[in-house]
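All remarks here apply to the structure that follows.
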Amino acid sequence: MDRRAFIKLTAITGTSAALTSCGSPELPLIRFVPDEDLVPGIAEWKPSVCPACRAGCGVIVRVIEGDAEVVRNEQRGVMKMGLAKKLEGNPAHPINQGALCPRGQAAIQLTYHPDRIAHPLKRSGNRGTGQFEQITWEAAIAELVSRLDGLAEPRKLAVITRTGASARHDLVAEFLNRLGAPPLVPFEVFSDDVLRRANAISFGHEQVPTFDLSQSRYAIAFGADFLGTWNSPVAQNVAYGRMRQGRPGIRGRFVMVEPRMSQTGANADEWIPARPGTEGVLALGLAHVMLAAKLRPGDAAGRAGAAIDGWSGGLTAYAPDAVEKRTGVPVKRIERLAHELATQRPAVAIIGGAPLAQTNGLFQALAVNALNALLGNVGEPGGLQFQPQMAPAAGRSRPGLDPARTLSTLATEMLSADRLPSVLLLDGANPVFGAPPAWRVRDALLKVPFIASFGSFLDDTSVLADLILPDNSFLESWVDARPESGATVAVAAMAPPAMRPLHDTRATPDVLLDVAGRLKRPLNLPWKTYDELLKSAVVAGIPAADADDAWTRACQQGGVWSDPARPSQVATRQTPVTVRSSPVSDREPRFDGDANQFPFHLLPFASTGGFDGSTAHLPWLQEMPDPLTTAMWSTWVEVNPQTAARLQIADGDIVELASSQGALRAPALVSPGIAPDVIAMPVGQGHQTFTRYASGRGANPLGLVAPIVEDDTGALAWAATRVKVMRVGGRDGKLILFAGSKTEHPERSR
């Protein structure tokens, strides 16, 4: 037996033994690099940008050029590039500073996935059956051009995409602008639009803030799982580590307010389960105590006045006893927390996740903003800051978004015969999976005459497409992102291809630029290629003599970012932070479902591996145990022990969860880290179509969410649905735990 065969055998048998101990959820070792490509060679590290979420982390890619690879490339007459083997965080990148989360590590599987679409496809069967035939790129582009040329009027074109600022996003927006079509429609399950609106009102910045935890001595979070899945987790983990142990003699204190213990809550010094929808009331209760006891920091008085004075006569309605009745948090705890916040400075309050997804989400966000203003931390070290933003790519003439044009309104249009789009383009979004059933997104899509998708995988939405023009993976293409949060300097992450394309795919921006030039009325976009677009953004405002050097440096380091000492070296948009008056009426949260019939609050939460469902097709993430429950390859329903005892539910029992919108069944997991009146369930599983690793696996809690919205912004209030739960069967083996079982909870007698 040679060395390579021995290594392969021991790897497979070792992994088999490990997986057998945790339930043998899948075949043992999943490999994506063909054996013939596993050749010795010289390793080189190249920059790239992680696509797993919108944080915009920089990565470096370990690329190996082996002798066999060189020969094959020479025979094909293509550029000499190796194969990517490993991803790590880019140490030079201001967002993640060399660190990388599990989703980022697993992103390499996007390139080598066995179910990745390798060629342009045209539908050959009924919609939704997944029946496609392979066609050439020339035929695919000609088909799309023909459909766009055949539009009776530009408003008959619609585009649905994922959120996130980038030059690619700018291109799509300008494409629609020059065509005269409506703005693109972004869709994201766990959107932060409510927080952006609140920050625009309170501070004049419509963006998610950066929290300077590294210099904080005290932090209190309201629902924001900032160490797990919310906002920019890697940057926030780095900062949190410095807050806790990065300064000699100082260890910051952290308090978490949430109804279900998250990964972040598990790291807190104190965990407080407030009633859903009352987190803002608690924030104003803390502010009331600080004012009544004259604990307000002296240098915060002037700046905080505008944020506080408009609230119910200076917060008189938020005395601790009144707050206790509404939130369930005891008076003594409220008073103690307020004193800690005021005396352990700098301190910062963070809100995100479920509190923003209530019908009173804007009120809650503004209340926490007011607390931060009272603490005097806005724009200050250790507090709440706003990352300067890179200017958009040159050539854009209008904003790419219309706040009133949402997926809900687009679905309504598609169900209306006179407003039905003739052509719909899909770019990275999966609204059939993520939207509430009442929006009838799938029914609406079935009415659209022609749908084209630029996705790399067949998912619940792209399976309905008529034409698929598969994108390169992020390692095979130019890639970019403009992070809105996570650093204190402006950042535009970008990088050239790290490896050659494995399949007959093309970068979507280059396809759109090609299409724009082939239309009967060419759009005359100012760029010919994607890299030309990126270069125009990088060198904007830089003297011509220095432009080439700046571009080369950006390609080598993985982007461009401003130097705090020389902020004018890159084109940025930065406005001063000013605290403004921001009162919004204090409303009690509304919930869909009568409390007598549906006694529990449903809390869907982003899972560490599956996130919002977009990474559920990656087997490394399916195989990764959940950090709190150790569950893997499965979905579950978290139930409080008191509730479980009353309903005679034990770990692994099959329960039925029902709302006014529908019902699902999944195994129960009894957890002490959840309030008795809350039922929680991870998002990620439950896809009908999403490769061999995610299709038909588990259940999707978003299918229970009612179409109820936040009162002031119209954003989906995905945490405002009530449910009922009942045991319907015993264990069926669908709850797979890394440890095999939970011995700390005795089995219910049967």
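Residue numbering restarts at 1 in every chain; chains get A, B, ... in the order shown in the structure tokens, and ligands count up from 1 in that same order.
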
(request) List every residue of region 121-356 of chain A that DSSP, applied to the backbone of this structure, assigns to helix (DSSP H, G or I), and report them as a PyMOL selection string. (result) chain A and resi 137-149+154-156+167-179+193-203+213-215+233-245+265-267+279-292+298-308+312-318+320-327+331-343+354-356

(message) Residues near Arg697 (chain A), anyone? I mean within 9 Å using only C-alpha atoms, not counting same-chain ones fewer than 3 positions away, as JSON, numbers by chain.
(response) {"A": [633, 634, 635, 685, 686, 687, 688, 693, 694]}

(message) Measuring between only C-alpha atoms, which one of A:Leu512, A:Leu213, A:Ala495, A:Leu425 shows the shortest distance to Thr552 (chain A)?
(response) A:Ala495

(request) Could you please write out, as a VMD selection string, every residue of region 423-638 of chain A that DSSP assigns to strand (DSSP E)? (result) chain A and resid 423 to 427 450 to 453 467 to 468 479 to 481 491 to 495 559 to 561 572 to 573 600 to 606 637 to 638

(request) Skip Phe474 (chain A) itself and residues of its chain fewer than 5 positions away, then list as a VMD selection string all residues within 8 Å of it, counting only C-alpha atoms. (result) chain A and resid 48 to 51 111 479 497

Could you write out the selected residues, including N, CA, C and O atoms, as a short mmCIF file (atom, residue, chain, number, x, y, z; two decimals), in the first residue's frame?
data_model
loop_
_atom_site.label_atom_id
_atom_site.label_comp_id
_atom_site.auth_asym_id
_atom_site.auth_seq_id
_atom_site.Cartn_x
_atom_site.Cartn_y
_atom_site.Cartn_z
N SER A 48 -9.22 36.94 -1.34
CA SER A 48 -10.59 36.84 -1.86
C SER A 48 -11.52 37.46 -0.81
O SER A 48 -11.06 38.01 0.20
N VAL A 49 -12.82 37.34 -1.05
CA VAL A 49 -13.82 37.91 -0.15
C VAL A 49 -14.84 36.83 0.17
O VAL A 49 -15.37 36.16 -0.75
N CYS A 50 -15.14 36.63 1.44
CA CYS A 50 -16.08 35.59 1.85
C CYS A 50 -17.50 35.96 1.42
O CYS A 50 -17.96 37.07 1.69
N PRO A 51 -18.24 35.02 0.79
CA PRO A 51 -19.60 35.30 0.34
C PRO A 51 -20.68 34.76 1.27
O PRO A 51 -21.87 34.86 0.97
N THR A 111 -17.47 26.00 -4.31
CA THR A 111 -16.76 25.80 -5.57
C THR A 111 -16.77 24.33 -6.00
O THR A 111 -17.00 24.02 -7.17
N VAL A 479 -14.44 39.51 -7.28
CA VAL A 479 -15.46 39.52 -6.24
C VAL A 479 -15.27 40.78 -5.40
O VAL A 479 -14.15 41.29 -5.28
N PRO A 497 -9.72 36.65 -9.47
CA PRO A 497 -9.94 35.21 -9.33
C PRO A 497 -8.75 34.53 -8.67
O PRO A 497 -7.59 34.86 -8.95
#

(request) Using only C-alpha atoms, find the one residue out of A:Leu621, A:Leu628, A:Leu426, A:Ile95 that sits nearest to Val185 (chain A). (result) A:Leu426
